[in-house]
>>> print(open('entry23.tsv').read())   # TSV, C-alpha atoms and all ligand atoms
chain	number	residue	atom	x	y	z
A	1	MET	CA	62.43	-10.67	8.86
A	2	THR	CA	60.62	-11.51	5.66
A	3	MET	CA	57.10	-10.43	4.83
A	4	SER	CA	55.77	-13.99	5.14
A	5	ALA	CA	57.32	-14.32	8.61
A	6	GLN	CA	55.58	-11.09	9.69
A	7	THR	CA	52.19	-12.17	8.37
A	8	ALA	CA	52.57	-15.65	9.84
A	9	LYS	CA	52.45	-14.13	13.37
A	10	VAL	CA	49.04	-12.57	12.76
A	11	PRO	CA	46.32	-14.92	14.00
A	12	VAL	CA	43.89	-16.15	11.39
A	13	ARG	CA	40.34	-14.98	11.94
A	14	ASP	CA	37.36	-17.23	11.25
A	15	TRP	CA	35.61	-15.23	8.53
A	16	TRP	CA	32.47	-17.39	8.56
A	17	ALA	CA	31.97	-17.00	12.32
A	18	ALA	CA	32.63	-13.26	11.97
A	19	LEU	CA	30.13	-13.04	9.10
A	20	LYS	CA	27.41	-14.66	11.21
A	21	THR	CA	28.22	-12.44	14.19
A	22	GLY	CA	28.08	-9.35	12.01
A	23	PHE	CA	24.74	-10.48	10.61
A	24	ARG	CA	23.47	-10.45	14.22
A	25	LEU	CA	24.66	-6.81	14.37
A	26	ARG	CA	27.33	-7.69	16.93
A	27	CYS	CA	31.02	-6.88	17.08
A	28	PRO	CA	32.99	-9.54	15.17
A	29	ALA	CA	35.77	-9.54	17.75
A	30	CYS	CA	33.78	-10.27	20.90
A	31	GLY	CA	30.29	-11.15	19.66
A	32	GLU	CA	28.74	-9.06	22.44
A	33	GLY	CA	28.93	-5.33	21.69
A	34	HIS	CA	26.52	-3.65	19.30
A	35	MET	CA	28.20	-2.86	15.97
A	36	PHE	CA	25.88	0.09	15.22
A	37	TYR	CA	25.15	3.18	17.30
A	38	ARG	CA	22.29	4.12	14.95
A	39	PHE	CA	20.36	2.28	12.24
A	40	LEU	CA	23.25	2.10	9.74
A	41	LYS	CA	25.99	3.99	11.60
A	42	VAL	CA	28.86	1.74	12.61
A	43	SER	CA	30.41	2.53	15.98
A	44	ASP	CA	34.03	3.69	15.87
A	45	CYS	CA	34.89	1.09	18.48
A	46	CYS	CA	33.02	-1.80	20.04
A	47	PRO	CA	31.36	-0.59	23.28
A	48	HIS	CA	32.08	-3.98	24.87
A	49	CYS	CA	35.66	-4.90	23.91
A	50	GLY	CA	36.97	-1.70	22.30
A	51	GLU	CA	37.79	-3.32	18.94
A	52	GLU	CA	38.22	-0.64	16.27
A	53	LEU	CA	35.41	-0.86	13.72
A	54	HIS	CA	35.83	2.47	11.93
A	55	HIS	CA	38.16	0.94	9.34
A	56	HIS	CA	35.28	-0.58	7.38
A	57	ARG	CA	34.50	0.43	3.79
A	58	ALA	CA	31.09	-1.10	3.26
A	59	ASP	CA	30.14	1.45	0.57
A	60	ASP	CA	27.48	0.19	-1.87
A	61	ALA	CA	27.74	-3.52	-1.11
A	62	PRO	CA	25.04	-3.75	1.61
A	63	PRO	CA	22.35	-2.11	-0.57
A	64	TYR	CA	23.46	-4.26	-3.50
A	65	PHE	CA	23.03	-7.51	-1.55
A	66	THR	CA	19.78	-6.26	-0.02
A	67	ILE	CA	18.29	-5.45	-3.42
A	68	LEU	CA	19.51	-8.77	-4.80
A	69	VAL	CA	17.77	-10.78	-2.06
A	70	VAL	CA	14.64	-8.66	-1.60
A	71	ALA	CA	13.93	-8.44	-5.33
A	72	HIS	CA	14.17	-12.21	-5.72
A	73	VAL	CA	12.05	-12.95	-2.63
A	74	ILE	CA	9.32	-10.39	-3.35
A	75	GLY	CA	9.36	-11.09	-7.08
A	76	ALA	CA	8.95	-14.83	-6.47
A	77	LEU	CA	6.18	-14.24	-3.93
A	78	MET	CA	4.33	-11.95	-6.34
A	79	LEU	CA	4.48	-14.60	-9.06
A	80	ILE	CA	3.35	-17.35	-6.68
A	81	VAL	CA	0.42	-15.31	-5.38
A	82	GLU	CA	-0.57	-14.29	-8.90
A	83	GLU	CA	-0.33	-17.91	-10.08
A	84	HIS	CA	-2.62	-19.23	-7.34
A	85	ASN	CA	-5.04	-16.33	-7.11
A	86	ASP	CA	-5.21	-14.24	-10.26
A	87	ALA	CA	-8.53	-12.70	-9.18
A	88	LEU	CA	-6.93	-10.90	-6.26
A	89	ASP	CA	-7.79	-7.19	-6.26
A	90	ILE	CA	-4.98	-5.01	-7.63
A	91	ARG	CA	-5.39	-2.67	-4.63
A	92	ILE	CA	-4.32	-5.48	-2.33
A	93	HIS	CA	-1.18	-5.92	-4.44
A	94	MET	CA	-0.56	-2.18	-4.27
A	95	VAL	CA	-0.65	-2.25	-0.47
A	96	VAL	CA	0.91	-5.60	0.41
A	97	TRP	CA	4.02	-5.71	-1.80
A	98	PRO	CA	5.44	-2.26	-0.97
A	99	ILE	CA	4.96	-2.90	2.74
A	100	LEU	CA	6.60	-6.32	2.54
A	101	THR	CA	9.43	-4.90	0.44
A	102	LEU	CA	10.08	-2.02	2.82
A	103	GLY	CA	9.93	-4.31	5.84
A	104	LEU	CA	12.37	-6.78	4.33
A	105	VAL	CA	14.75	-4.00	3.31
A	106	LEU	CA	14.71	-2.47	6.80
A	107	LEU	CA	15.32	-5.92	8.27
A	108	LEU	CA	18.13	-7.00	5.94
A	109	LEU	CA	20.08	-3.82	5.13
A	110	PRO	CA	21.76	-3.40	8.55
A	111	ARG	CA	22.36	-7.16	8.75
A	112	PHE	CA	24.12	-7.27	5.39
A	113	LYS	CA	26.15	-4.22	6.39
A	114	GLY	CA	27.08	-5.85	9.70
A	115	ALA	CA	28.09	-9.05	7.93
A	116	LEU	CA	30.18	-7.11	5.40
A	117	VAL	CA	31.97	-5.06	8.07
A	118	ALA	CA	32.68	-8.26	10.00
A	119	TYR	CA	33.97	-9.94	6.83
A	120	GLN	CA	36.34	-7.02	6.20
A	121	TRP	CA	37.44	-7.23	9.83
A	122	ALA	CA	38.09	-10.99	9.55
A	123	LEU	CA	40.20	-10.56	6.40
A	124	ARG	CA	41.95	-7.47	7.86
A	125	MET	CA	40.91	-5.27	4.97
A	126	HIS	CA	40.97	-1.44	4.75
A	127	GLY	CA	42.99	-0.68	7.87
A	128	PHE	CA	41.75	-3.56	9.98
A	129	GLU	CA	45.23	-5.06	9.47
A	130	THR	CA	46.75	-2.31	11.62
A	131	ALA	CA	44.27	-2.79	14.47
A	132	GLN	CA	45.35	-4.66	17.58
A	133	PRO	CA	45.56	-8.41	16.99
A	134	ASN	CA	42.42	-10.14	18.17
A	135	THR	CA	41.25	-13.67	17.48
A	136	PHE	CA	37.72	-14.91	17.06
A	137	THR	CA	37.37	-18.47	18.18
A	138	SER	CA	34.57	-18.85	20.67
A	139	GLY	CA	32.77	-15.51	20.51
A	140	LYS	CA	34.74	-14.20	23.48
A	141	PRO	CA	37.62	-11.73	23.30
A	142	ALA	CA	41.06	-13.33	23.10
B	201	ZN	ZN	33.59	-6.21	20.67
>>> encode(input="entry23.tsv", output="structure tokens", more="lines below")
Ligand SMILES: [Zn+2]
Amino acid sequence: MTMSAQTAKVPVRDWWAALKTGFRLRCPACGEGHMFYRFLKVSDCCPHCGEELHHHRADDAPPYFTILVVAHVIGALMLIVEEHNDALDIRIHMVVWPILTLGLVLLLLPRFKGALVAYQWALRMHGFETAQPNTFTSGKPA
């Protein structure tokens, strides 16, 4: 059996659907189980369907994407507010922007990590290729 014949038997996973499911912090295989057992700690296996999730190698990518988005959103908002109300007290800036930044980071960081883990799962990266075959078509386990 050739290598292409072996890989042809592996079902293709919908990476976009998995990405969206991961962004919702759900298991990319079933769409039901929680991907994390703590704030940023990925469960070894999905508590709903048992899909192995410990193969992920998210590393620095989730903070990178979080900083990329949060810096652009907060930076743009700061410029807009400053443009329309340059008399605003600096103490308000010193309170509002750090709180908004922290809130947005806490909101987005686990979501970007979930999306990245799901993306790696969909493309069978980093050991996900050896996990049991599972397809993602309708959000339900195959
Ligand atoms: Zn699952």
>>> residues_near_ligand(input="entry23.tsv", ligand="ligand ZN 201 (chain B)", cutoff="7 Å", atoms="all atoms listed in the file", output="ChimeraX atom specification")
/A:27-33,46-51
>>> residues_around(input="entry23.tsv", residues="range 59-69 of chain A", least_positions_apart="5", cutoff="10 Å", atoms="all atoms listed in the file", output="MDAnalysis selection string")
chainID A and resid 74:75 101 104:117
>>> atom_distance(input="entry23.tsv", atom1="CA of Leu100 in chain A", atom2="CA of Glu83 in chain A")
18.5 Å
>>> closest_residue(input="entry23.tsv", among="A:His126, A:Ala118, A:Ala17, A:His93", to="Val42 in chain A", atoms="all atoms listed in the file")
A:Ala118
>>> closest_residue(input="entry23.tsv", among="A:His72, A:Leu79, A:Tyr119, A:Asp86", to="Phe23 in chain A", atoms="only C-alpha atoms")
A:Tyr119
>>> axis_aligned_box(input="entry23.tsv", around="range 74-88 of chain A", padding_each_side="5 Å", output="JSON")
{"center_x": 0.4, "center_y": -14.8, "center_z": -6.8, "size_x": 27.9, "size_y": 18.8, "size_z": 16.9}
>>> atom_distance(input="entry23.tsv", atom1="CA of Arg13 in chain A", atom2="CA of Leu123 in chain A")
7.1 Å
>>> closest_residue(input="entry23.tsv", among="A:Leu88, A:Leu53, A:Leu25, A:Arg38", to="Arg124 in chain A", atoms="all atoms listed in the file")
A:Leu53
>>> atom_distance(input="entry23.tsv", atom1="CA of Phe128 in chain A", atom2="CA of His55 in chain A")
5.8 Å
>>> closest_residue(input="entry23.tsv", among="A:Ala122, A:Asp89, A:Val70, A:Met94", to="Leu19 in chain A", atoms="all atoms listed in the file")
A:Ala122
>>> closest_residue(input="entry23.tsv", among="A:His56, A:Val96, A:His84, A:Asp14", to="Ser43 in chain A", atoms="only C-alpha atoms")
A:His56
>>> build_atoms(input="entry23.tsv", residues="range 29-41 of chain A", atoms="N, CA and C atoms", output="CSV table (one decimal), in the coordinates of the input")
chain,number,residue,atom,x,y,z
A,29,ALA,N,34.7,-9.1,16.9
A,29,ALA,CA,35.8,-9.5,17.8
A,29,ALA,C,35.3,-10.2,19.0
A,30,CYS,N,34.2,-9.7,19.6
A,30,CYS,CA,33.8,-10.3,20.9
A,30,CYS,C,32.4,-10.9,20.8
A,31,GLY,N,31.6,-10.6,19.8
A,31,GLY,CA,30.3,-11.2,19.7
A,31,GLY,C,29.3,-10.6,20.6
A,32,GLU,N,29.6,-9.6,21.4
A,32,GLU,CA,28.7,-9.1,22.4
A,32,GLU,C,28.3,-7.6,22.1
A,33,GLY,N,29.2,-6.8,21.9
A,33,GLY,CA,28.9,-5.3,21.7
A,33,GLY,C,28.1,-5.1,20.4
A,34,HIS,N,27.3,-4.0,20.5
A,34,HIS,CA,26.5,-3.6,19.3
A,34,HIS,C,27.4,-3.0,18.3
A,35,MET,N,27.3,-3.4,17.0
A,35,MET,CA,28.2,-2.9,16.0
A,35,MET,C,27.7,-1.5,15.6
A,36,PHE,N,26.4,-1.2,15.7
A,36,PHE,CA,25.9,0.1,15.2
A,36,PHE,C,25.4,1.0,16.4
A,37,TYR,N,25.7,2.3,16.3
A,37,TYR,CA,25.2,3.2,17.3
A,37,TYR,C,23.9,3.8,16.8
A,38,ARG,N,23.6,3.8,15.5
A,38,ARG,CA,22.3,4.1,15.0
A,38,ARG,C,22.0,3.1,13.9
A,39,PHE,N,20.9,3.3,13.2
A,39,PHE,CA,20.4,2.3,12.2
A,39,PHE,C,21.5,1.7,11.3
A,40,LEU,N,22.2,2.6,10.6
A,40,LEU,CA,23.2,2.1,9.7
A,40,LEU,C,24.6,2.7,10.1
A,41,LYS,N,24.7,3.4,11.2
A,41,LYS,CA,26.0,4.0,11.6
A,41,LYS,C,26.8,3.0,12.4
